[in-house]
Structures are given as structure tokens and as C-alpha cells.
$ cat input-v2.cif   # mmCIF, C-alpha atoms, pLDDT in the B column; chains and numbers go by the auth columns
data_start
#
loop_
_atom_site.group_PDB
_atom_site.id
_atom_site.type_symbol
_atom_site.label_atom_id
_atom_site.label_comp_id
_atom_site.label_asym_id
_atom_site.label_seq_id
_atom_site.Cartn_x
_atom_site.Cartn_y
_atom_site.Cartn_z
_atom_site.B_iso_or_equiv
_atom_site.auth_seq_id
_atom_site.auth_asym_id
ATOM 1 C CA MET A 1 0.986 6.621 -28.768 82.00 15 A
ATOM 2 C CA MET A 2 0.371 8.607 -25.583 86.00 16 A
ATOM 3 C CA LYS A 3 -1.198 11.486 -27.470 87.00 17 A
ATOM 4 C CA SER A 4 -3.685 9.208 -29.257 90.00 18 A
ATOM 5 C CA MET A 5 -4.494 7.507 -25.950 92.00 19 A
ATOM 6 C CA TYR A 6 -5.029 10.926 -24.338 91.00 20 A
ATOM 7 C CA ILE A 7 -7.317 12.028 -27.175 92.00 21 A
ATOM 8 C CA SER A 8 -9.443 8.872 -27.037 94.00 22 A
ATOM 9 C CA LEU A 9 -9.694 9.106 -23.242 94.00 23 A
ATOM 10 C CA TYR A 10 -10.661 12.775 -23.470 94.00 24 A
ATOM 11 C CA LYS A 11 -13.366 12.033 -26.050 95.00 25 A
ATOM 12 C CA GLY A 12 -14.766 9.174 -23.969 95.00 26 A
ATOM 13 C CA LEU A 13 -14.906 11.285 -20.806 95.00 27 A
ATOM 14 C CA LYS A 14 -16.501 14.165 -22.693 95.00 28 A
ATOM 15 C CA GLU A 15 -19.197 11.817 -24.038 96.00 29 A
ATOM 16 C CA LEU A 16 -19.758 10.319 -20.585 94.00 30 A
ATOM 17 C CA ASN A 17 -20.122 13.796 -19.072 95.00 31 A
ATOM 18 C CA GLN A 18 -22.631 14.756 -21.747 95.00 32 A
ATOM 19 C CA ARG A 19 -24.680 11.619 -21.053 95.00 33 A
ATOM 20 C CA TRP A 20 -24.644 12.468 -17.328 94.00 34 A
ATOM 21 C CA LEU A 21 -25.817 16.014 -17.994 94.00 35 A
ATOM 22 C CA ASN A 22 -28.640 14.721 -20.216 96.00 36 A
ATOM 23 C CA LEU A 23 -30.071 12.694 -17.309 95.00 37 A
ATOM 24 C CA SER A 24 -32.786 14.290 -15.246 95.00 38 A
ATOM 25 C CA VAL A 25 -31.896 15.544 -11.770 95.00 39 A
ATOM 26 C CA GLN A 26 -33.988 12.784 -10.166 96.00 40 A
ATOM 27 C CA LYS A 27 -32.089 10.062 -12.045 96.00 41 A
ATOM 28 C CA GLN A 28 -28.759 11.687 -11.183 96.00 42 A
ATOM 29 C CA ARG A 29 -29.784 11.720 -7.537 97.00 43 A
ATOM 30 C CA LYS A 30 -30.839 8.043 -7.694 97.00 44 A
ATOM 31 C CA TYR A 31 -27.516 7.029 -9.252 96.00 45 A
ATOM 32 C CA LEU A 32 -25.519 9.015 -6.700 96.00 46 A
ATOM 33 C CA THR A 33 -27.533 7.607 -3.808 98.00 47 A
ATOM 34 C CA SER A 34 -27.151 4.033 -5.031 98.00 48 A
ATOM 35 C CA PHE A 35 -23.385 4.427 -5.609 97.00 49 A
ATOM 36 C CA PHE A 36 -22.958 5.996 -2.173 98.00 50 A
ATOM 37 C CA LEU A 37 -24.960 3.236 -0.471 98.00 51 A
ATOM 38 C CA GLY A 38 -22.949 0.580 -2.307 98.00 52 A
ATOM 39 C CA TYR A 39 -19.703 2.237 -1.226 98.00 53 A
ATOM 40 C CA LEU A 40 -20.964 2.528 2.355 98.00 54 A
ATOM 41 C CA LEU A 41 -21.990 -1.138 2.410 98.00 55 A
ATOM 42 C CA LEU A 42 -18.610 -2.210 1.029 98.00 56 A
ATOM 43 C CA THR A 43 -16.811 -0.067 3.635 98.00 57 A
ATOM 44 C CA ILE A 44 -18.838 -1.549 6.485 98.00 58 A
ATOM 45 C CA ILE A 45 -18.165 -5.093 5.254 98.00 59 A
ATOM 46 C CA VAL A 46 -14.413 -4.421 5.063 96.00 60 A
ATOM 47 C CA ILE A 47 -14.324 -2.869 8.560 95.00 61 A
ATOM 48 C CA ILE A 48 -16.250 -5.819 10.024 95.00 62 A
ATOM 49 C CA GLN A 49 -13.896 -8.273 8.286 92.00 63 A
ATOM 50 C CA ILE A 50 -10.828 -6.461 9.642 89.00 64 A
ATOM 51 C CA CYS A 51 -12.256 -6.450 13.177 90.00 65 A
ATOM 52 C CA LYS A 52 -13.004 -10.176 12.948 89.00 66 A
ATOM 53 C CA ASP A 53 -9.488 -10.949 11.713 84.00 67 A
ATOM 54 C CA VAL A 54 -7.871 -8.875 14.453 82.00 68 A
ATOM 55 C CA ASN A 55 -9.957 -10.499 17.182 81.00 69 A
ATOM 56 C CA ARG A 56 -9.303 -13.987 15.816 76.00 70 A
ATOM 57 C CA LYS A 57 -5.528 -13.541 15.540 65.00 71 A
ATOM 58 C CA ARG A 58 -5.035 -11.698 18.809 62.00 72 A
ATOM 59 C CA ASN A 59 -4.858 -14.899 20.862 59.00 73 A
ATOM 60 C CA LYS A 60 -2.642 -16.806 18.422 60.00 74 A
ATOM 61 C CA ILE A 61 0.433 -14.571 18.243 58.00 75 A
ATOM 62 C CA PRO A 62 3.247 -16.023 20.349 64.00 76 A
ATOM 63 C CA ILE A 63 5.834 -13.604 21.663 70.00 77 A
ATOM 64 C CA GLU A 64 9.310 -15.086 21.409 74.00 78 A
ATOM 65 C CA HIS A 65 12.886 -13.913 21.306 74.00 79 A
ATOM 66 C CA ILE A 66 14.314 -13.130 17.908 74.00 80 A
ATOM 67 C CA LYS A 67 16.604 -15.904 16.738 71.00 81 A
ATOM 68 C CA ASN A 68 19.635 -14.842 14.742 66.00 82 A
ATOM 69 C CA ALA A 69 20.170 -17.161 11.801 59.00 83 A
ATOM 70 C CA ASN A 70 23.599 -15.771 11.032 61.00 84 A
ATOM 71 C CA THR A 71 25.748 -16.477 14.102 56.00 85 A
ATOM 72 C CA VAL A 72 28.944 -15.184 12.459 51.00 86 A
ATOM 73 C CA TRP A 73 27.869 -11.601 13.006 53.00 87 A
ATOM 74 C CA SER A 74 27.190 -12.169 16.677 54.00 88 A
ATOM 75 C CA ARG A 75 30.894 -12.727 17.549 57.00 89 A
ATOM 76 C CA PRO A 76 32.739 -9.458 18.336 56.00 90 A
ATOM 77 C CA SER A 77 36.068 -10.697 16.933 59.00 91 A
ATOM 78 C CA VAL A 78 34.554 -11.261 13.489 57.00 92 A
ATOM 79 C CA LEU A 79 32.917 -7.843 13.559 56.00 93 A
ATOM 80 C CA LEU A 80 36.213 -6.222 14.487 57.00 94 A
ATOM 81 C CA GLU A 81 38.052 -8.072 11.700 60.00 95 A
ATOM 82 C CA LEU A 82 35.506 -6.890 9.146 58.00 96 A
ATOM 83 C CA HIS A 83 35.457 -3.259 10.256 58.00 97 A
ATOM 84 C CA ILE A 84 39.176 -2.574 10.802 60.00 98 A
ATOM 85 C CA PRO A 85 39.965 -2.277 7.049 60.00 99 A
ATOM 86 C CA LEU A 86 37.009 0.075 6.658 57.00 100 A
ATOM 87 C CA ILE A 87 38.197 2.251 9.528 58.00 101 A
ATOM 88 C CA PHE A 88 41.700 2.569 8.056 58.00 102 A
ATOM 89 C CA LYS A 89 40.317 3.190 4.573 57.00 103 A
ATOM 90 C CA ASN A 90 38.108 6.021 5.837 54.00 104 A
ATOM 91 C CA TYR A 91 40.971 7.441 7.915 56.00 105 A
ATOM 92 C CA SER A 92 43.294 7.607 4.934 56.00 106 A
ATOM 93 C CA ASN A 93 40.566 9.170 2.726 56.00 107 A
ATOM 94 C CA GLY A 94 40.055 5.998 0.715 52.00 108 A
ATOM 95 C CA LYS A 95 43.679 5.706 -0.479 51.00 109 A
#

$ encode --input "input-v2.cif" --output "C-alpha cells"
Amino acid sequence: MMKSMYISLYKGLKELNQRWLNLSVQKQRKYLTSFFLGYLLLTIIVIIQICKDVNRKRNKIPIEHIKNANTVWSRPSVLLELHIPLIFKNYSNGK
């Protein structure tokens, strides 16, 4: 399966490379320039969109204390009860 997929991919890339080499240098340059300009335009659009999102959300983020949903873990007695068996187990090498 993988070998046949590799062979078909290799043949397709070899054909694509041959078609590229058959183009004149001027056409190759035009294609490269157009692809680069398209990539540059897409990059600029993404950067502008990110800047707009950051500026828009900057004023909306409230800073609050973290609320613990599980209050059982916040009591020291419960923590001690849960960890004492682990301490003794580790001390006696797990026996």
C-alpha cells in the first residue's frame, strides 16, 4: 500500500518537475512572482486581522481571582488524610 502510494507520488512529482523545466524562464519568473505576491498578501491580511483582534479584546478581559471549583482540596485536613498513606507506602518501599 505505502510502496504503491510512494511510487505514484514519485511519478507525479517527476512529471510536475518536468513540466516546470519545460516552461520558459520568463514564465517561471511570472509564476514565482505571482505566488510570492499572493503569499505576501495573505500574510499581511493575517497580521492585520491578528492586530485588530488583539486591540479589540484588550479592553474586554477582566482580571479576577481564580475560583476553585473543588473546595475539598482546599482544606488541609483532607489533604493530610489523602497523603499520609502515600507517605507510609513510600517509606516502606511500597510494601

$ atom_distance --input "input-v2.cif" --atom1 "atom CA of Tyr53 of chain A" --atom2 "atom CA of Asp67 of chain A"
21.1 Å

$ atom_distance --input "input-v2.cif" --atom1 "atom CA of Cys65 of chain A" --atom2 "atom CA of Leu46 of chain A"
28.5 Å

$ atom_distance --input "input-v2.cif" --atom1 "atom CA of Ile59 of chain A" --atom2 "atom CA of Tyr45 of chain A"
21.1 Å

$ decode --input "input-v2.cif" --residues "segment 23-82 of chain A" --atoms "C-alpha atoms" --output "compact mmCIF listing (two decimals), in the first residue's frame"
# COMPACT_ATOMS: atom_id res chain seq x y z
CA LEU A 23 3.63 10.25 -5.71
CA TYR A 24 7.17 10.00 -7.09
CA LYS A 25 5.89 9.71 -10.66
CA GLY A 26 3.55 12.67 -10.22
CA LEU A 27 6.30 14.87 -8.77
CA LYS A 28 8.70 13.83 -11.51
CA GLU A 29 6.12 14.79 -14.16
CA LEU A 30 5.41 18.10 -12.42
CA ASN A 31 9.13 18.89 -12.28
CA GLN A 32 9.49 18.11 -15.97
CA ARG A 33 6.58 20.42 -16.82
CA TRP A 34 8.21 23.18 -14.74
CA LEU A 35 11.53 22.73 -16.52
CA ASN A 36 9.79 22.89 -19.92
CA LEU A 37 8.45 26.37 -19.13
CA SER A 38 10.45 29.33 -20.32
CA VAL A 39 12.43 31.31 -17.75
CA GLN A 40 10.08 34.30 -18.15
CA LYS A 41 7.02 32.17 -17.36
CA GLN A 42 8.79 30.58 -14.39
CA ARG A 43 9.61 34.05 -13.10
CA LYS A 44 5.99 35.20 -13.58
CA TYR A 45 4.65 32.18 -11.68
CA LEU A 46 7.14 32.65 -8.84
CA THR A 47 6.40 36.36 -8.61
CA SER A 48 2.64 35.80 -8.55
CA PHE A 49 2.90 33.04 -5.91
CA PHE A 50 5.17 35.21 -3.77
CA LEU A 51 2.85 38.22 -4.05
CA GLY A 52 -0.15 36.05 -3.15
CA TYR A 53 1.70 34.68 -0.13
CA LEU A 54 2.76 38.19 0.90
CA LEU A 55 -0.80 39.49 0.57
CA LEU A 56 -2.15 36.58 2.63
CA THR A 57 0.50 37.19 5.31
CA ILE A 58 -0.33 40.89 5.52
CA ILE A 59 -4.06 40.14 5.80
CA VAL A 60 -3.45 37.65 8.63
CA ILE A 61 -1.18 40.07 10.53
CA ILE A 62 -3.74 42.88 10.20
CA GLN A 63 -6.51 40.55 11.40
CA ILE A 64 -4.45 39.47 14.42
CA CYS A 65 -3.68 43.10 15.32
CA LYS A 66 -7.36 44.01 15.06
CA ASP A 67 -8.39 41.09 17.28
CA VAL A 68 -5.77 41.92 19.90
CA ASN A 69 -6.77 45.59 20.01
CA ARG A 70 -10.47 44.73 20.19
CA LYS A 71 -10.10 42.20 23.01
CA ARG A 72 -7.59 44.15 25.07
CA ASN A 73 -10.27 46.22 26.81
CA LYS A 74 -12.67 43.32 27.42
CA ILE A 75 -10.53 40.96 29.51
CA PRO A 76 -11.49 41.20 33.18
CA ILE A 77 -8.85 40.28 35.71
CA GLU A 78 -10.36 38.27 38.55
CA HIS A 79 -9.24 35.86 41.22
CA ILE A 80 -9.21 32.21 40.30
CA LYS A 81 -12.17 30.42 41.82
CA ASN A 82 -11.57 26.86 42.97
